[in-house]
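Q: The structure's right below; bear with me while I get my questions together.
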Amino acid sequence: MQSHGILHVVATPIGNLGDLSFRAREILRQVDAICAEDTRHSGQMLAQLGIDRPLIALHEHNEQALAERLVGRLREGQSMALVSDAGTPLISDPGFRLVCAARAAGIRVSPVPGPCAAIAALSVAGLPSDRFVFEGFLPARASARKERLTRLATESRTLVFYEASHRIVETLADMCVVLGEERLAAVARELTKLFETVLDGRLSALRARVEADPDQRKGEFVVIVQGVQDDADARLIEGRRLFARLNAHLPPSTAAKLAAELSGAPRKALYATGSDAS
Ligand code: SAM
């Protein structure tokens, strides 16, 4: 009986080509085909490495349809690599459906680990890294973005976000409003590239710095935000959120009483800045 091929999930550099591992290079050289998010982009990287293997475009829009065909080839014994434009496939990148389909078919799926912007940023941010939550990209729509942040406002683990240059200012502004200006955070930009910068400080200071300096708005970003450190802070954040919602429908004194009861926060503290967390 013919044995199945292997699907190798291969991490590629997030900026510096030197970060491609030796094993990644060897696997990419050996496989029958390489599935790439953008064949032109990956083709250029592979050409620089002197690797010439057939490329198959696999992206968000064709992944579902293509997965069964690729699994068919793996079943026949062909081996394949999956890469994305940068970093680790499946991490805010395509590949999930292919990996699921391959696993369901009993194909071996094997990682070739390497760069990942979230982990690289976390490793230098100087914020707690023992427990963290990867949130990927926040929603593009302002209301949905604020809603997502509101749900994360009482999270005690470190929060890790991806962000694009055209939304970094808006996102930091929303974080100031919803998570609080005093929250410690880091903005990691262009990691492993020429203009790499890692800024850290309070959200208010980071926002001011990025707003004031056009250079700090260029490139690719990971934003890391410290989780809530104290139970009392978590109760206050939740209390303010509830107060803002209830205050729209009830007299302020009733809204504050209910919000305080439900959250465990002191009632007086909710009046002061209740509208901030809406
Ligand atoms: N799969 C990739 C990984 O493992 O990191 C992430 C792909 S996601 C589509 C692209 C986002 O990752 C960018 O918008 C940015 O938020 C982040 N990113 C990628 N490269 C980066 C870099 N060199 N410096 C900072 N952030 C980066």
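We label chains A, B, ... in the order they appear in the structure tokens, count residues from 1 in each chain, and number ligands from 1 in the order shown.
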Output the neighbourhood of ligand 1 as a PyMOL selection string, that is, all protein and nucleic acid residues with some atom at most 9 Å from the ligand, counting only C-alpha atoms and all ligand atoms.
A: chain A and resi 11-16+84-94+114-121+136-137+161-165+187-193+196-197+219-223
Q: I'd like to know which of A:Leu149, A:Leu206, A:Leu270, A:Leu46 is closest to Ile168 in chain A, using only C-alpha atoms.
A: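 So, comparing all the options, the nearest one is A:Leu206.
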Q: Could you tell me which of A:Val112, A:Ala47, A:Val31, A:Ala186 comes closest to Met80 in chain A if we count only C-alpha atoms?
A: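 Nearest to Met80 in chain A: A:Val31.
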Q: Could you jot down the CA of Gly5 in chain A to CA of Leu74 in chain A separation for me, Å, one decimal place?
A: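 Computing it gives 4.8 Å between the two atoms.
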Q: Please compute the CA of Leu55 in chain A-CA of Gly72 in chain A distance, one decimal, in Å.
A: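 Here the two named atoms are 16.6 Å from each other.
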Q: Measuring atom to atom with only C-alpha atoms, identify which of A:Gln30, A:Ser143, A:Gln216, A:Asn247 is nearest to Val178 in chain A.
A: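 Looking at the shortest contact to Val178 in chain A, the residue is A:Ser143.
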Q: So the first atom is CA of Leu82 in chain A and the second is CA of Ala24 in chain A; what is the distance between them in Å, to one decimal place?
A: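 If I compute the distance from CA of Leu82 in chain A to CA of Ala24 in chain A, I get 10.9 Å.
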Q: Using DSSP assignments from the backbone, pull out every residue in range 36-210 of chain A that falls under strand (DSSP E or B) and give it to me as a PyMOL selection string.
A: chain A and resi 36+55-57+80-83+87+108-112+132-137+158-164+184-189+197-202
Q: Can I get the selection written as a short mmCIF file (atom, residue, chain, number, x, y, z; two decimals), in the first residue's frame, with N, CA, C and O atoms?
A:
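After the write, part-v9.cif holds the following:
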```cif
data_model
loop_
_atom_site.label_atom_id
_atom_site.label_comp_id
_atom_site.auth_asym_id
_atom_site.auth_seq_id
_atom_site.Cartn_x
_atom_site.Cartn_y
_atom_site.Cartn_z
N ALA A 36 1.18 28.41 -1.22
CA ALA A 36 1.55 29.74 -0.73
C ALA A 36 0.36 30.68 -0.87
O ALA A 36 -0.40 30.61 -1.84
N LEU A 55 4.58 26.00 -7.25
CA LEU A 55 3.81 26.76 -6.25
C LEU A 55 2.32 26.64 -6.54
O LEU A 55 1.89 26.66 -7.70
N ILE A 56 1.55 26.51 -5.49
CA ILE A 56 0.08 26.45 -5.63
C ILE A 56 -0.49 27.60 -4.79
O ILE A 56 -0.17 27.71 -3.60
N ALA A 57 -1.33 28.44 -5.42
CA ALA A 57 -1.92 29.55 -4.66
C ALA A 57 -3.01 29.02 -3.73
O ALA A 57 -3.95 28.36 -4.18
N MET A 80 3.92 18.00 0.76
CA MET A 80 3.67 19.41 0.48
C MET A 80 4.10 20.28 1.65
O MET A 80 4.10 19.82 2.80
N ALA A 81 4.38 21.54 1.31
CA ALA A 81 4.63 22.53 2.36
C ALA A 81 3.57 23.61 2.25
O ALA A 81 3.10 23.92 1.16
N LEU A 82 3.19 24.13 3.40
CA LEU A 82 2.27 25.26 3.43
C LEU A 82 3.02 26.45 4.02
O LEU A 82 3.58 26.33 5.12
N VAL A 83 3.05 27.56 3.28
CA VAL A 83 3.67 28.79 3.82
C VAL A 83 2.67 29.93 3.67
O VAL A 83 1.75 29.86 2.85
N GLY A 87 5.80 34.78 8.48
CA GLY A 87 5.52 34.20 9.79
C GLY A 87 4.93 32.81 9.71
O GLY A 87 5.18 32.04 8.78
N ARG A 108 -0.36 12.96 7.97
CA ARG A 108 0.48 13.56 9.00
C ARG A 108 0.71 15.04 8.68
O ARG A 108 1.10 15.38 7.55
N VAL A 109 0.43 15.90 9.66
CA VAL A 109 0.67 17.35 9.51
C VAL A 109 1.77 17.71 10.48
O VAL A 109 1.63 17.50 11.69
N SER A 110 2.87 18.22 9.96
CA SER A 110 4.05 18.40 10.81
C SER A 110 4.52 19.86 10.78
O SER A 110 4.68 20.44 9.69
N PRO A 111 4.77 20.47 11.94
CA PRO A 111 5.19 21.88 11.94
C PRO A 111 6.69 22.04 11.71
O PRO A 111 7.49 21.22 12.17
N VAL A 112 7.04 23.10 10.99
CA VAL A 112 8.43 23.53 10.95
C VAL A 112 8.41 24.92 11.59
O VAL A 112 8.19 25.93 10.91
N PHE A 132 -0.91 34.81 28.34
CA PHE A 132 -1.31 35.85 27.38
C PHE A 132 -2.43 35.34 26.49
O PHE A 132 -2.66 34.15 26.37
N VAL A 133 -3.13 36.31 25.87
CA VAL A 133 -4.23 35.99 24.97
C VAL A 133 -3.91 36.60 23.61
O VAL A 133 -3.66 37.81 23.53
N PHE A 134 -3.92 35.79 22.58
CA PHE A 134 -3.69 36.32 21.23
C PHE A 134 -5.04 36.66 20.61
O PHE A 134 -5.88 35.78 20.44
N GLU A 135 -5.24 37.93 20.26
CA GLU A 135 -6.53 38.38 19.73
C GLU A 135 -6.48 38.65 18.23
O GLU A 135 -7.49 38.98 17.63
N GLY A 136 -5.31 38.55 17.60
CA GLY A 136 -5.22 38.83 16.17
C GLY A 136 -5.64 40.26 15.87
O GLY A 136 -5.38 41.17 16.66
N PHE A 137 -6.31 40.46 14.73
CA PHE A 137 -6.74 41.80 14.34
C PHE A 137 -8.08 42.13 15.02
O PHE A 137 -8.99 41.30 15.04
N THR A 158 -2.06 39.08 29.60
CA THR A 158 -1.55 40.06 28.64
C THR A 158 -2.27 39.88 27.30
O THR A 158 -2.50 38.76 26.86
N LEU A 159 -2.64 41.01 26.68
CA LEU A 159 -3.39 40.97 25.41
C LEU A 159 -2.44 41.24 24.25
O LEU A 159 -1.63 42.17 24.30
N VAL A 160 -2.56 40.44 23.20
CA VAL A 160 -1.68 40.60 22.03
C VAL A 160 -2.55 40.82 20.79
O VAL A 160 -3.43 40.00 20.49
N PHE A 161 -2.30 41.93 20.09
CA PHE A 161 -3.10 42.28 18.90
C PHE A 161 -2.20 42.50 17.70
O PHE A 161 -1.08 43.00 17.84
N TYR A 162 -2.70 42.21 16.51
CA TYR A 162 -2.05 42.64 15.27
C TYR A 162 -2.74 43.92 14.81
O TYR A 162 -3.96 44.06 15.02
N GLU A 163 -1.99 44.81 14.19
CA GLU A 163 -2.64 46.01 13.65
C GLU A 163 -1.90 46.50 12.41
O GLU A 163 -0.70 46.28 12.25
N ALA A 164 -2.68 47.14 11.53
CA ALA A 164 -2.11 47.68 10.29
C ALA A 164 -1.87 49.18 10.45
O ALA A 164 -2.47 49.83 11.31
N LEU A 184 -0.40 49.84 31.00
CA LEU A 184 0.91 49.67 30.38
C LEU A 184 0.77 48.87 29.09
O LEU A 184 -0.04 47.94 29.02
N ALA A 185 1.56 49.25 28.09
CA ALA A 185 1.45 48.58 26.79
C ALA A 185 2.78 48.71 26.03
O ALA A 185 3.70 49.40 26.48
N ALA A 186 2.85 48.03 24.89
CA ALA A 186 4.01 48.16 24.02
C ALA A 186 3.54 48.12 22.57
O ALA A 186 2.58 47.41 22.25
N VAL A 187 4.19 48.91 21.74
CA VAL A 187 3.88 48.90 20.31
C VAL A 187 5.16 48.44 19.59
O VAL A 187 6.17 49.14 19.62
N ALA A 188 5.09 47.25 19.00
CA ALA A 188 6.27 46.68 18.33
C ALA A 188 6.06 46.82 16.82
O ALA A 188 5.11 46.30 16.26
N ARG A 189 6.96 47.56 16.19
CA ARG A 189 6.78 47.93 14.77
C ARG A 189 7.94 47.38 13.93
O ARG A 189 9.10 47.45 14.36
N THR A 197 11.11 49.25 15.75
CA THR A 197 11.05 50.01 17.01
C THR A 197 10.09 49.31 17.97
O THR A 197 9.07 48.78 17.54
N VAL A 198 10.44 49.33 19.23
CA VAL A 198 9.53 48.79 20.26
C VAL A 198 9.37 49.89 21.30
O VAL A 198 10.30 50.22 22.02
N LEU A 199 8.17 50.50 21.31
CA LEU A 199 7.88 51.57 22.27
C LEU A 199 7.12 50.96 23.43
O LEU A 199 6.26 50.10 23.22
N ASP A 200 7.40 51.42 24.64
CA ASP A 200 6.58 50.94 25.75
C ASP A 200 6.22 52.09 26.66
O ASP A 200 6.84 53.15 26.61
N GLY A 201 5.17 51.92 27.43
CA GLY A 201 4.72 52.97 28.35
C GLY A 201 3.23 52.88 28.56
O GLY A 201 2.60 51.86 28.23
N ARG A 202 2.63 53.94 29.11
CA ARG A 202 1.17 53.99 29.30
C ARG A 202 0.50 54.15 27.93
O ARG A 202 1.08 54.77 27.02
#
```
Q: As a list in words, please: every residue in range 190-230 of chain A that a backbone DSSP assignment puts in alpha helix (DSSP H).
A: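 Answer for range 190-230 of chain A restricted to alpha helix (DSSP H) is Leu203, Ser204, Ala205, Leu206, Arg207, Ala208, Arg209, Val210, Glu211 and Ala212 of chain A.
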Q: Considering only C-alpha atoms, can you say which of A:Leu127, A:Ile27, A:Val225, A:Leu122 comes closest to Thr171 in chain A?
A: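 Using only C-alpha atoms, the shortest distance to Thr171 in chain A belongs to A:Val225.
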Q: Just the residues within 9 Å of Tyr271 in chain A, please, counting only C-alpha atoms, with nothing from its chain fewer than 5 positions along; format it as number ranges by chain.
A: A: 240, 243, 252-253, 256
Q: Counting only C-alpha atoms, what is within 9 Å of Ser3 in chain A, bar same-chain residues fewer than 2 positions away, as a PDB file with C-alpha atoms, in the first residue's frame?
A:
```
ATOM      1  CA  MET A   1       0.000   0.000   0.000  1.00  0.00           C
ATOM      2  CA  GLY A   5       2.742  12.178   2.048  1.00  0.00           C
ATOM      3  CA  ARG A  75      -3.014  10.591  -0.062  1.00  0.00           C
ATOM      4  CA  GLU A  76      -1.208   9.570  -3.246  1.00  0.00           C
ATOM      5  CA  GLY A  77       2.094  10.028  -1.426  1.00  0.00           C
TER       6      GLY A  77
END
```
Q: Which residue out of A:Val10, A:Cys176, A:Val99, A:Ile107 has the minimum interatomic distance to Leu66 in chain A when only C-alpha atoms are used?
A: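 Selected residue with least distance to Leu66 in chain A: A:Val99.
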Q: List the neighbours of Asp174 in chain A out to 9 Å using only C-alpha atoms; skip same-chain residues closer than 6 positions along the sequence, and give me the result as a PyMOL selection string.
A: chain A and resi 142+145-146+149
